[in-house]
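> Can you keep this structure in mind? I'll have questions shortly.
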Amino acid sequence: AFQGRLRMLRGEPSERPQTFLGADGIDPVTLRPVAAVARPQIRLRDDSGMRFSDAAARYIAWKQRDPKAKKISEHSRRQRETVYRLFKGFTNDAPLTAIDKMTATDFLDQVAKLDPNWHSIPGAQELPLTKLVEKCTKRPGRLSNRTLNEYVSALSCVFKWALAKTDYDGRNPF
């Protein structure tokens, strides 16, 4: 392998090796170990900073209190609080700094599996997202893109607010 690499660096021809220890071995071009990348379900970086639930509650309070902000109707507030509850449970109420784009994507992938009438499932307001998804597998429909976009907007607003009104200096994963 070493001789082959030297020939390659000098521009001399050499035969491509068949393998360097198989899938667990070494890449013949970069000479770096080949490792399968396992994607965790939720990526959380640390345990410091403002928790998502605190940020969401403070955002709702700010929207209702600030005279310059457009008020949220009672119906919209309840809808947003429901989305915030599902996301809080999905991330185990992670700090904002620990929530990244992959966490947001994984959440939206799960929410997209819900039936449009998931609210009518008995006890739906107390069930975690995983249980709701299980109960919706036998139901015929799935949430529309419009509804998913409303969920994204609601979650994005929390991060925008935190960036503007708190010491949070991360990125908006939504």
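Identifiers for the structure tokens are assigned positionally: chains receive A, B, ... in sequence, residues are indexed from 1 per chain, and ligands are indexed from 1 in the order shown.
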Running DSSP on the backbone, which parts of stretch 25-174 of chain A land in strand (DSSP E or B), as a list of chain:residue names?

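Here is the list: A:Ile26, A:Pro33, A:Arg51, A:Pro95.
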
> Residues within 7 Å of stretch 150-159 of chain A, please, as a ChimeraX atom specification. Count only C-alpha atoms; anything in the same chain fewer than 3 positions from it doesn't count.

/A:55-56,59,80,83,146-147,162-163,172,174

> Find the residues around A:Asp93 up to 7 Å (only C-alpha atoms counted), leave out those fewer than 3 positions away in its own chain, and share them as a VMD selection string.

chain A and resid 51 to 53 88 to 89

> Could you state the separation of atom CA of A:Phe87 and atom CA of A:Arg65 in Å, given to one decimal place?

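The value is 23.9 Å.
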
> Out of A:Leu148, A:Leu96, A:Leu86, A:Leu6, which residue has the shortest atom-to-atom distance to A:Asp109 when counting only C-alpha atoms?

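Using only C-alpha atoms, A:Asp109 sits closest to A:Leu148.
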
> Counting only C-alpha atoms, which residue out of A:His119, A:Gly11, A:Arg5, A:Leu143 sits closest to A:Thr82?

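The shortest atom-to-atom distance to A:Thr82 comes from A:His119.
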
> Under the rule that only C-alpha atoms are counted, which of A:Ala94, A:Ile121, A:Ala57, A:Leu114 is the nearest residue to A:Pro140?

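Closest residue, counting only C-alpha atoms: A:Leu114.
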
> Nearest to A:Arg85: which of A:Pro13, A:Pro128, A:Pro116, A:Gly49 is it, counting only C-alpha atoms?

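Selected residue with least distance to A:Arg85: A:Pro128.
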